[in-house]
file structure_39.cif (mmCIF, C-alpha atoms)
data_model
#
loop_
_atom_site.group_PDB
_atom_site.id
_atom_site.type_symbol
_atom_site.label_atom_id
_atom_site.label_comp_id
_atom_site.auth_asym_id
_atom_site.auth_seq_id
_atom_site.Cartn_x
_atom_site.Cartn_y
_atom_site.Cartn_z
ATOM 1 C CA MET G 226 0.000 0.000 0.000
ATOM 2 C CA SER G 227 1.428 3.380 -0.965
ATOM 3 C CA GLY G 228 2.121 6.088 1.583
ATOM 4 C CA LEU G 229 -0.435 8.439 0.041
ATOM 5 C CA GLU G 230 -3.193 5.859 0.443
ATOM 6 C CA LEU G 231 -2.262 5.421 4.105
ATOM 7 C CA ILE G 232 -2.476 9.177 4.605
ATOM 8 C CA ALA G 233 -5.815 9.268 2.805
ATOM 9 C CA ARG G 234 -7.287 6.478 4.912
ATOM 10 C CA ASP G 235 -6.023 8.065 8.101
ATOM 11 C CA SER G 236 -7.559 11.367 7.050
ATOM 12 C CA LYS G 237 -10.825 9.653 6.273
ATOM 13 C CA SER G 238 -10.859 7.965 9.663
ATOM 14 C CA GLU G 239 -10.271 11.335 11.318
ATOM 15 C CA ILE G 240 -13.116 12.869 9.322
ATOM 16 C CA GLU G 241 -15.451 10.033 10.275
ATOM 17 C CA LYS G 242 -14.351 10.313 13.895
ATOM 18 C CA ASN G 243 -15.046 14.057 13.876
ATOM 19 C CA ALA G 244 -18.397 13.496 12.178
ATOM 20 C CA GLU G 245 -19.401 10.952 14.822
ATOM 21 C CA ALA G 246 -18.259 13.309 17.572
ATOM 22 C CA ALA G 247 -20.250 16.140 15.997
ATOM 23 C CA ALA G 248 -23.335 13.933 15.779
ATOM 24 C CA VAL G 249 -23.034 13.014 19.436
ATOM 25 C CA TYR G 250 -22.453 16.653 20.384
ATOM 26 C CA PHE G 251 -25.474 17.996 18.533
ATOM 27 C CA ALA G 252 -27.618 15.119 19.789
ATOM 28 C CA GLU G 253 -26.691 16.129 23.321
ATOM 29 C CA VAL G 254 -27.161 19.838 22.680
ATOM 30 C CA TYR G 255 -30.608 19.408 21.202
ATOM 31 C CA ASN G 256 -31.688 16.992 23.877
ATOM 32 C CA LYS G 257 -34.578 18.466 25.818
ATOM 33 C CA ASP G 258 -32.972 18.459 29.245
ATOM 34 C CA ASP G 259 -29.621 19.744 28.027
ATOM 35 C CA ASP G 260 -31.312 22.378 25.887
ATOM 36 C CA GLU G 261 -33.133 23.789 28.908
ATOM 37 C CA ARG G 262 -29.893 23.836 30.870
ATOM 38 C CA ASN G 263 -28.004 25.524 28.047
ATOM 39 C CA TRP G 264 -30.535 28.358 28.034
ATOM 40 C CA SER G 265 -30.575 28.922 31.796
ATOM 41 C CA PHE G 266 -29.088 32.176 33.029
ATOM 42 C CA SER G 267 -26.893 30.513 35.658
ATOM 43 C CA TYR G 268 -25.424 28.065 33.129
ATOM 44 C CA LEU G 269 -24.648 30.819 30.629
ATOM 45 C CA ARG G 270 -22.996 32.940 33.314
ATOM 46 C CA GLU G 271 -20.948 29.938 34.422
ATOM 47 C CA GLN G 272 -19.799 29.288 30.865
ATOM 48 C CA LEU G 273 -18.723 32.905 30.440
ATOM 49 C CA ASN G 274 -16.719 32.716 33.660
ATOM 50 C CA LEU G 275 -15.074 29.457 32.629
ATOM 51 C CA LYS G 276 -14.060 30.906 29.275
ATOM 52 C CA ASN G 277 -12.839 34.151 30.892
ATOM 53 C CA SER G 278 -15.191 36.088 28.636
ATOM 54 C CA GLN G 279 -17.283 37.997 31.159
ATOM 55 C CA GLU G 280 -15.593 41.325 30.424
ATOM 56 C CA LEU G 281 -15.779 40.773 26.660
ATOM 57 C CA PHE G 282 -19.465 39.924 26.944
ATOM 58 C CA ARG G 283 -20.053 43.064 28.993
ATOM 59 C CA ARG G 284 -18.680 45.127 26.107
ATOM 60 C CA TYR G 285 -20.843 43.190 23.683
ATOM 61 C CA GLN G 286 -23.906 43.774 25.855
ATOM 62 C CA VAL G 287 -23.162 47.497 26.075
ATOM 63 C CA ARG G 288 -23.170 47.715 22.284
ATOM 64 C CA VAL G 289 -26.439 45.797 22.019
ATOM 65 C CA GLN G 290 -28.025 48.059 24.627
ATOM 66 C CA HIS G 291 -26.769 51.134 22.804
ATOM 67 C CA ALA G 292 -28.310 49.903 19.545
ATOM 68 C CA LEU G 293 -31.671 49.473 21.312
ATOM 69 C CA PHE G 294 -31.332 52.978 22.743
ATOM 70 C CA VAL G 295 -30.768 54.435 19.276
ATOM 71 C CA GLU G 296 -33.896 52.655 18.028
ATOM 72 C CA LEU G 297 -35.878 54.115 20.949
ATOM 73 C CA LEU G 298 -34.664 57.613 20.093
ATOM 74 C CA PHE G 299 -35.720 57.128 16.490
ATOM 75 C CA PHE G 300 -39.221 55.998 17.489
ATOM 76 C CA ASN G 301 -39.518 58.844 20.002
ATOM 77 C CA ILE G 302 -38.559 61.397 17.364
ATOM 78 C CA ALA G 303 -41.163 60.001 14.965
ATOM 79 C CA TYR G 304 -43.781 59.944 17.744
ATOM 80 C CA ASN G 305 -43.048 63.561 18.717
ATOM 81 C CA VAL G 306 -43.217 64.707 15.098
ATOM 82 C CA ILE G 307 -46.657 63.106 14.748
ATOM 83 C CA SER G 308 -47.825 64.578 18.072
ATOM 84 C CA LEU G 309 -46.544 68.047 17.158
ATOM 85 C CA ALA G 310 -48.304 67.861 13.794
ATOM 86 C CA ALA G 311 -51.520 66.872 15.577
ATOM 87 C CA TYR G 312 -51.241 69.846 17.946
ATOM 88 C CA ILE G 313 -50.660 72.195 15.014
ATOM 89 C CA PHE G 314 -53.217 71.016 12.452
ATOM 90 C CA LEU G 315 -56.048 69.307 14.346
ATOM 91 C CA PRO G 316 -57.302 71.951 16.849
ATOM 92 C CA ASP G 317 -59.671 74.590 15.480
ATOM 93 C CA GLU G 318 -58.634 77.688 17.398
ATOM 94 C CA ASN G 319 -61.515 79.749 15.942
ATOM 95 C CA SER G 320 -64.162 77.321 17.157
ATOM 96 C CA GLU G 321 -66.708 78.520 19.708
ATOM 97 C CA HIS G 322 -66.105 75.408 21.816
ATOM 98 C CA MET G 323 -62.406 76.239 22.214
ATOM 99 C CA THR G 324 -62.029 77.702 25.704
ATOM 100 C CA ASP G 325 -59.038 79.645 26.971
ATOM 101 C CA VAL G 326 -57.925 76.641 29.010
ATOM 102 C CA SER G 327 -58.144 74.314 26.006
ATOM 103 C CA LEU G 328 -56.281 76.809 23.843
ATOM 104 C CA GLY G 329 -53.583 77.176 26.499
ATOM 105 C CA ALA G 330 -53.280 73.373 26.757
ATOM 106 C CA VAL G 331 -52.813 73.127 22.995
ATOM 107 C CA GLN G 332 -50.120 75.801 23.023
ATOM 108 C CA THR G 333 -48.425 74.104 25.975
ATOM 109 C CA GLY G 334 -48.452 70.834 24.057
ATOM 110 C CA ARG G 335 -46.908 72.497 21.026
ATOM 111 C CA TRP G 336 -44.072 74.115 22.963
ATOM 112 C CA CYS G 337 -43.434 71.014 25.014
ATOM 113 C CA ARG G 338 -43.321 68.695 22.008
ATOM 114 C CA SER G 339 -41.054 71.116 20.137
ATOM 115 C CA VAL G 340 -38.530 71.277 22.986
ATOM 116 C CA ILE G 341 -38.653 67.495 23.492
ATOM 117 C CA LEU G 342 -38.147 66.916 19.780
ATOM 118 C CA LEU G 343 -35.089 69.177 19.770
ATOM 119 C CA ILE G 344 -33.548 67.514 22.856
ATOM 120 C CA GLN G 345 -34.071 63.964 21.636
ATOM 121 C CA PHE G 346 -32.805 64.824 18.161
ATOM 122 C CA CYS G 347 -29.580 66.173 19.700
ATOM 123 C CA ILE G 348 -29.181 62.985 21.756
ATOM 124 C CA PHE G 349 -29.901 60.911 18.653
ATOM 125 C CA VAL G 350 -27.112 62.699 16.754
ATOM 126 C CA ALA G 351 -24.713 62.336 19.687
ATOM 127 C CA ALA G 352 -25.573 58.630 19.988
ATOM 128 C CA TYR G 353 -23.727 57.912 16.749
ATOM 129 C CA LYS G 354 -20.520 58.537 18.685
ATOM 130 C CA GLU G 355 -20.821 55.495 20.906
ATOM 131 C CA SER G 356 -17.814 56.390 23.040
ATOM 132 C CA LEU G 357 -19.824 59.197 24.676
ATOM 133 C CA PHE G 358 -22.180 56.661 26.272
ATOM 134 C CA ARG G 359 -19.746 54.020 27.519
ATOM 135 C CA SER G 360 -19.510 55.041 31.160
ATOM 136 C CA ALA G 361 -22.267 54.105 33.602
ATOM 137 C CA ASN G 362 -22.858 57.731 34.602
ATOM 138 C CA ALA G 363 -23.254 58.808 30.979
ATOM 139 C CA LYS G 364 -25.792 56.054 30.339
ATOM 140 C CA ILE G 365 -27.768 56.929 33.465
ATOM 141 C CA ALA G 366 -27.752 60.623 32.520
ATOM 142 C CA ALA G 367 -28.892 59.962 28.944
ATOM 143 C CA ALA G 368 -31.600 57.531 30.071
ATOM 144 C CA SER G 369 -32.831 59.989 32.711
ATOM 145 C CA VAL G 370 -33.047 62.871 30.224
ATOM 146 C CA VAL G 371 -34.963 60.768 27.681
ATOM 147 C CA LEU G 372 -37.283 59.460 30.409
ATOM 148 C CA ALA G 373 -37.933 63.008 31.656
ATOM 149 C CA CYS G 374 -38.714 64.099 28.091
ATOM 150 C CA MET G 375 -41.182 61.259 27.595
ATOM 151 C CA MET G 376 -42.928 62.000 30.891
ATOM 152 C CA ALA G 377 -43.023 65.742 30.148
ATOM 153 C CA GLY G 378 -44.625 65.089 26.793
ATOM 154 C CA GLU G 379 -47.358 62.955 28.354
ATOM 155 C CA THR G 380 -48.083 65.117 31.410
ATOM 156 C CA ALA G 381 -47.594 68.688 30.177
ATOM 157 C CA THR G 382 -51.216 69.362 29.224
ATOM 158 C CA THR G 383 -52.513 67.642 32.379
ATOM 159 C CA LEU G 384 -50.283 69.801 34.581
ATOM 160 C CA TYR G 385 -51.408 72.916 32.732
ATOM 161 C CA ARG G 386 -55.083 72.107 33.281
ATOM 162 C CA LEU G 387 -54.471 71.351 36.946
ATOM 163 C CA GLY G 388 -52.604 74.650 37.283
ATOM 164 C CA ARG G 389 -55.637 76.462 35.899
ATOM 165 C CA GLY G 390 -57.908 74.668 38.347
ATOM 166 C CA PHE G 391 -59.572 72.241 35.926
ATOM 167 C CA GLN G 392 -59.911 68.604 36.928
ATOM 168 C CA GLU G 393 -60.474 66.714 33.705
ATOM 169 C CA PRO G 394 -59.275 63.108 33.110
ATOM 170 C CA THR G 395 -56.927 62.964 30.135
ATOM 171 C CA MET G 396 -55.491 60.089 28.152
ATOM 172 C CA ARG G 397 -51.766 59.525 28.622
ATOM 173 C CA GLN G 398 -49.575 56.914 26.917
ATOM 174 C CA THR G 399 -47.998 55.935 30.225
ATOM 175 C CA PHE G 400 -47.797 52.237 29.338
ATOM 176 C CA TYR G 401 -45.476 53.132 26.446
ATOM 177 C CA VAL G 402 -43.189 55.068 28.784
ATOM 178 C CA ILE G 403 -43.114 52.188 31.283
ATOM 179 C CA LEU G 404 -42.401 49.556 28.650
ATOM 180 C CA THR G 405 -39.605 51.506 26.978
ATOM 181 C CA THR G 406 -38.114 52.396 30.373
ATOM 182 C CA SER G 407 -37.815 48.758 31.399
ATOM 183 C CA VAL G 408 -36.626 47.442 28.014
ATOM 184 C CA LEU G 409 -34.885 50.048 25.870
ATOM 185 C CA LEU G 410 -33.427 52.752 28.091
ATOM 186 C CA PRO G 411 -29.692 52.159 28.720
ATOM 187 C CA PHE G 412 -29.766 51.829 32.494
ATOM 188 C CA PRO G 413 -26.728 49.740 33.510
ATOM 189 C CA ARG G 414 -28.769 47.622 35.952
ATOM 190 C CA LYS G 415 -32.266 46.191 35.879
ATOM 191 C CA LEU G 416 -32.820 47.634 39.364
ATOM 192 C CA TYR G 417 -32.566 51.151 37.966
ATOM 193 C CA SER G 418 -35.068 50.296 35.234
ATOM 194 C CA GLY G 419 -37.490 48.893 37.797
ATOM 195 C CA MET G 420 -37.160 51.928 40.076
ATOM 196 C CA SER G 421 -37.661 54.317 37.148
ATOM 197 C CA GLY G 422 -40.731 52.393 35.999
ATOM 198 C CA ALA G 423 -42.152 52.476 39.533
ATOM 199 C CA ALA G 424 -41.582 56.242 39.676
ATOM 200 C CA VAL G 425 -43.447 56.685 36.383
ATOM 201 C CA ILE G 426 -46.373 54.662 37.750
ATOM 202 C CA ALA G 427 -46.471 56.706 40.956
ATOM 203 C CA ILE G 428 -46.487 60.008 39.030
ATOM 204 C CA ASP G 429 -49.252 58.847 36.706
ATOM 205 C CA LEU G 430 -51.439 57.602 39.584
ATOM 206 C CA ALA G 431 -50.894 60.874 41.457
ATOM 207 C CA LEU G 432 -51.966 62.916 38.406
ATOM 208 C CA SER G 433 -54.980 60.657 37.913
ATOM 209 C CA THR G 434 -55.971 61.233 41.540
ATOM 210 C CA LEU G 435 -55.629 65.015 41.229
ATOM 211 C CA SER G 436 -57.424 65.258 37.885
ATOM 212 C CA SER G 437 -60.299 62.940 38.884
ATOM 213 C CA GLY G 438 -60.966 64.073 42.434
ATOM 214 C CA ASN G 439 -64.766 63.898 42.115
ATOM 215 C CA HIS G 440 -64.924 60.567 40.307
ATOM 216 C CA LYS G 441 -67.343 58.171 41.992
ATOM 217 C CA LYS G 442 -65.256 55.047 41.410
ATOM 218 C CA LEU G 443 -61.843 56.635 41.742
ATOM 219 C CA ARG G 444 -60.417 53.820 43.849
ATOM 220 C CA VAL G 445 -61.507 51.183 41.362
ATOM 221 C CA VAL G 446 -60.032 53.161 38.474
ATOM 222 C CA LEU G 447 -56.748 53.718 40.315
ATOM 223 C CA PHE G 448 -56.531 50.055 41.288
ATOM 224 C CA ALA G 449 -57.140 48.961 37.677
ATOM 225 C CA ASP G 450 -54.514 51.406 36.413
ATOM 226 C CA ALA G 451 -52.014 50.253 39.025
ATOM 227 C CA VAL G 452 -52.497 46.593 38.125
ATOM 228 C CA PHE G 453 -52.179 47.343 34.420
ATOM 229 C CA TYR G 454 -49.050 49.464 34.837
ATOM 230 C CA LEU G 455 -47.383 46.986 37.214
ATOM 231 C CA THR G 456 -48.091 44.173 34.757
ATOM 232 C CA THR G 457 -46.571 46.255 31.971
ATOM 233 C CA LEU G 458 -43.489 46.914 34.112
ATOM 234 C CA LEU G 459 -43.038 43.229 34.974
ATOM 235 C CA VAL G 460 -43.471 42.228 31.329
ATOM 236 C CA GLY G 461 -40.874 44.807 30.306
ATOM 237 C CA LEU G 462 -38.370 43.584 32.900
ATOM 238 C CA TYR G 463 -38.958 40.005 31.789
ATOM 239 C CA ILE G 464 -38.382 40.990 28.156
ATOM 240 C CA ARG G 465 -35.121 42.637 29.204
ATOM 241 C CA TYR G 466 -34.139 39.438 31.022
ATOM 242 C CA LEU G 467 -34.886 37.365 27.900
ATOM 243 C CA ILE G 468 -32.844 39.756 25.764
ATOM 244 C CA GLU G 469 -29.883 39.299 28.099
ATOM 245 C CA VAL G 470 -30.233 35.498 28.025
ATOM 246 C CA MET G 471 -30.394 35.492 24.221
ATOM 247 C CA SER G 472 -27.400 37.826 24.064
ATOM 248 C CA ARG G 473 -25.366 35.482 26.289
ATOM 249 C CA ARG G 474 -26.342 32.445 24.226
ATOM 250 C CA ALA G 475 -25.596 34.210 20.937
ATOM 251 C CA PHE G 476 -22.263 35.455 22.275
ATOM 252 C CA LEU G 477 -21.194 31.970 23.385
ATOM 253 C CA ASP G 478 -22.277 30.414 20.081
ATOM 254 C CA ARG G 479 -20.385 33.041 18.140
ATOM 255 C CA ARG G 480 -17.320 32.548 20.326
ATOM 256 C CA GLU G 481 -17.398 28.782 19.762
ATOM 257 C CA CYS G 482 -17.755 29.351 16.027
ATOM 258 C CA VAL G 483 -14.725 31.648 15.977
ATOM 259 C CA GLU G 484 -12.734 29.205 18.108
ATOM 260 C CA SER G 485 -13.605 26.349 15.764
ATOM 261 C CA LYS G 486 -12.626 28.407 12.723
ATOM 262 C CA ILE G 487 -9.290 29.429 14.253
ATOM 263 C CA LYS G 488 -8.574 25.850 15.305
ATOM 264 C CA THR G 489 -9.371 24.542 11.818
ATOM 265 C CA GLU G 490 -7.178 27.156 10.152
ATOM 266 C CA THR G 491 -4.336 26.419 12.563
ATOM 267 C CA GLU G 492 -4.490 22.684 11.902
ATOM 268 C CA LYS G 493 -4.699 23.329 8.180
ATOM 269 C CA ASN G 494 -1.621 25.549 8.303
ATOM 270 C CA GLN G 495 0.268 22.943 10.315
ATOM 271 C CA GLU G 496 -0.608 20.215 7.807
ATOM 272 C CA GLU G 497 0.413 22.511 4.967
ATOM 273 C CA LYS G 498 3.782 23.257 6.575
ATOM 274 C CA PHE G 499 4.345 19.555 7.276
ATOM 275 C CA LEU G 500 3.551 18.639 3.674
ATOM 276 C CA GLN G 501 5.833 21.343 2.310
ATOM 277 C CA SER G 502 8.633 20.250 4.635
ATOM 278 C CA ILE G 503 8.869 16.822 2.962
ATOM 279 C CA LEU G 504 7.788 17.659 -0.594
ATOM 280 C CA PRO G 505 8.535 20.459 -3.068
ATOM 281 C CA THR G 506 5.805 23.064 -3.446
ATOM 282 C CA HIS G 507 4.692 22.055 -6.963
ATOM 283 C CA ILE G 508 4.454 18.396 -5.961
ATOM 284 C CA ALA G 509 2.735 19.216 -2.672
ATOM 285 C CA SER G 510 -0.107 21.015 -4.481
ATOM 286 C CA GLU G 511 -0.602 18.018 -6.785
ATOM 287 C CA VAL G 512 -0.553 15.623 -3.829
ATOM 288 C CA ARG G 513 -3.103 17.766 -2.026
ATOM 289 C CA GLU G 514 -5.564 17.680 -4.929
ATOM 290 C CA ASP G 515 -5.161 13.932 -5.427
ATOM 291 C CA LEU G 516 -5.546 13.383 -1.689
ATOM 292 C CA ARG G 517 -8.853 15.210 -1.658
ATOM 293 C CA ARG G 518 -10.036 13.160 -4.629
ATOM 294 C CA VAL G 519 -9.033 9.914 -2.927
ATOM 295 C CA ILE G 520 -10.883 10.851 0.271
ATOM 296 C CA LYS G 521 -13.977 11.787 -1.734
ATOM 297 C CA ASP G 522 -13.989 8.499 -3.692
ATOM 298 C CA MET G 523 -12.833 6.225 -0.875
ATOM 299 C CA ASP G 524 -16.225 4.500 -0.668
ATOM 300 C CA GLU G 525 -15.553 2.981 -4.091
ATOM 301 C CA ARG G 526 -12.713 0.934 -2.541
ATOM 302 C CA ARG G 527 -10.319 1.718 -5.329
ATOM 303 C CA SER G 528 -6.663 1.263 -4.579
ATOM 304 C CA PHE G 529 -4.516 4.327 -5.046
ATOM 305 C CA GLN G 530 -1.220 3.422 -6.663
ATOM 306 C CA LYS G 531 -0.097 6.728 -8.111
ATOM 307 C CA LEU G 532 3.571 7.554 -7.770
ATOM 308 C CA TYR G 533 4.962 11.052 -7.907
ATOM 309 C CA VAL G 534 8.187 10.776 -9.844
ATOM 310 C CA LYS G 535 9.746 13.756 -11.531
ATOM 311 C CA THR G 536 12.757 13.679 -13.830
ATOM 312 C CA TYR G 537 15.146 16.551 -14.093
ATOM 313 C CA LYS G 538 17.858 17.145 -16.650
ATOM 314 C CA GLY G 539 21.423 17.137 -15.357
ATOM 315 C CA VAL G 540 20.451 15.342 -12.134
ATOM 316 C CA ARG G 541 21.868 11.843 -11.518
#
call {"tool": "encode", "arguments": {"input": "structure_39.cif", "output": "structure tokens"}}
result
Amino acid sequence: MSGLELIARDSKSEIEKNAEAAAVYFAEVYNKDDDERNWSFSYLREQLNLKNSQELFRRYQVRVQHALFVELLFFNIAYNVISLAAYIFLPDENSEHMTDVSLGAVQTGRWCRSVILLIQFCIFVAAYKESLFRSANAKIAAASVVLACMMAGETATTLYRLGRGFQEPTMRQTFYVILTTSVLLPFPRKLYSGMSGAAVIAIDLALSTLSSGNHKKLRVVLFADAVFYLTTLLVGLYIRYLIEVMSRRAFLDRRECVESKIKTETEKNQEEKFLQSILPTHIASEVREDLRRVIKDMDERRSFQKLYVKTYKGVR
């Protein structure tokens, strides 16, 4: 049996061995029990610690969180543009039913939405320089400013009416503020998101109490609002938890993929150097192609008897 055929058969056995190992690995990974364990938060954190990748994952998570923050700014800008357009074009200021309080509320809404739009647009432009938002204090400051803008936009007209002595229930998109606070704002810890969401709920319930003082079923309304807002907050925190779990799993999978690629390239380079150390370059390339062909057609059980003999003039 020629040496090339021995190398080919050894290579084939290694390929089959790796294929069997891969089959066993994926069978274990996609097993129900193992799959649940692989997606648990404690297991993923343990794997990151074992691979000394906790700090690298933290940087990865910061970038993911920043991307979500940019998306929130974009949606907020679009929402404020639509709200500002509604304040400008929808009210009929010459109507007989337009009172001074209503007109003042409309003007307050216009000014408030204009200022909020300008502030969030400036933050949106600054967000493209990601280095400005890397520190924890910078992220807390940016999240607090955006949260204050969202709350100001929803409560400005209500505060104006209360300041003029009018107690009229108004619709506020508080659930949107709570959900985005718990999911998309770049607070470095989930505790900060939860505390901010709780503060938003408390402010909204306080305004509802002040603006609906004479409501017959005020307690029932406040209880229903509190349950709805707390549910929204818990759902948002759970979504943030799922995003973190998926980020950890995706990071580990990507890391394993890169490790496998580097390992394969390293072994390939070592084999290439070994082959070139015993054979000339032009013969090594021919051997490599024939070796691949032999491995591909090995199931046909054909014996490989090719010899690589080169003749050179003036060489004895």
call {"tool": "atom_distance", "arguments": {"input": "structure_39.cif", "atom1": "atom CA of Asp515 of chain G", "atom2": "atom CA of Ile487 of chain G"}}
result
25.4 Å
call {"tool": "residues_around", "arguments": {"input": "structure_39.cif", "residues": "Leu500 of chain G", "least_positions_apart": "4", "cutoff": "12 Å", "atoms": "all atoms listed in the file", "output": "PyMOL selection string"}}
result
chain G and resi 229+232+493-496+504-513+516
call {"tool": "atom_distance", "arguments": {"input": "structure_39.cif", "atom1": "atom CA of Met375 of chain G", "atom2": "atom CA of Val470 of chain G"}}
result
28.0 Å
call {"tool": "resolve_selection", "arguments": {"input": "structure_39.cif", "expression": "the PyMOL selection byres ((chain G and resi 286-292) around 8)", "output": "ChimeraX atom specification"}}
result
/G:282-285,293-296,355,358-359,409-411,469,472
call {"tool": "residues_around", "arguments": {"input": "structure_39.cif", "residues": "Asp317 of chain G", "least_positions_apart": "6", "cutoff": "12 Å", "atoms": "all atoms listed in the file", "output": "PyMOL selection string"}}
result
chain G and resi 311+323-324+327-328+331
call {"tool": "closest_residue", "arguments": {"input": "structure_39.cif", "among": "G:Thr333, G:Ser433, G:Gln392, G:Ser369", "to": "Tyr417 of chain G", "atoms": "all atoms listed in the file"}}
result
G:Ser369
call {"tool": "atom_distance", "arguments": {"input": "structure_39.cif", "atom1": "atom CA of Ser320 of chain G", "atom2": "atom CA of Thr382 of chain G"}}
result
19.4 Å
call {"tool": "resolve_selection", "arguments": {"input": "structure_39.cif", "expression": "the PyMOL selection byres ((chain G and resi 436) around 12)", "output": "list in words"}}
result
Thr380, Thr382, Thr383, Leu384, Tyr385, Arg386, Leu387, Gly388, Arg389, Gly390, Phe391, Gln392, Glu393, Pro394, Thr395, Met396, Asp429, Leu430, Ala431, Leu432, Ser433, Thr434, Leu435, Ser437, Gly438, Asn439, His440, Leu443 and Leu447 of chain G
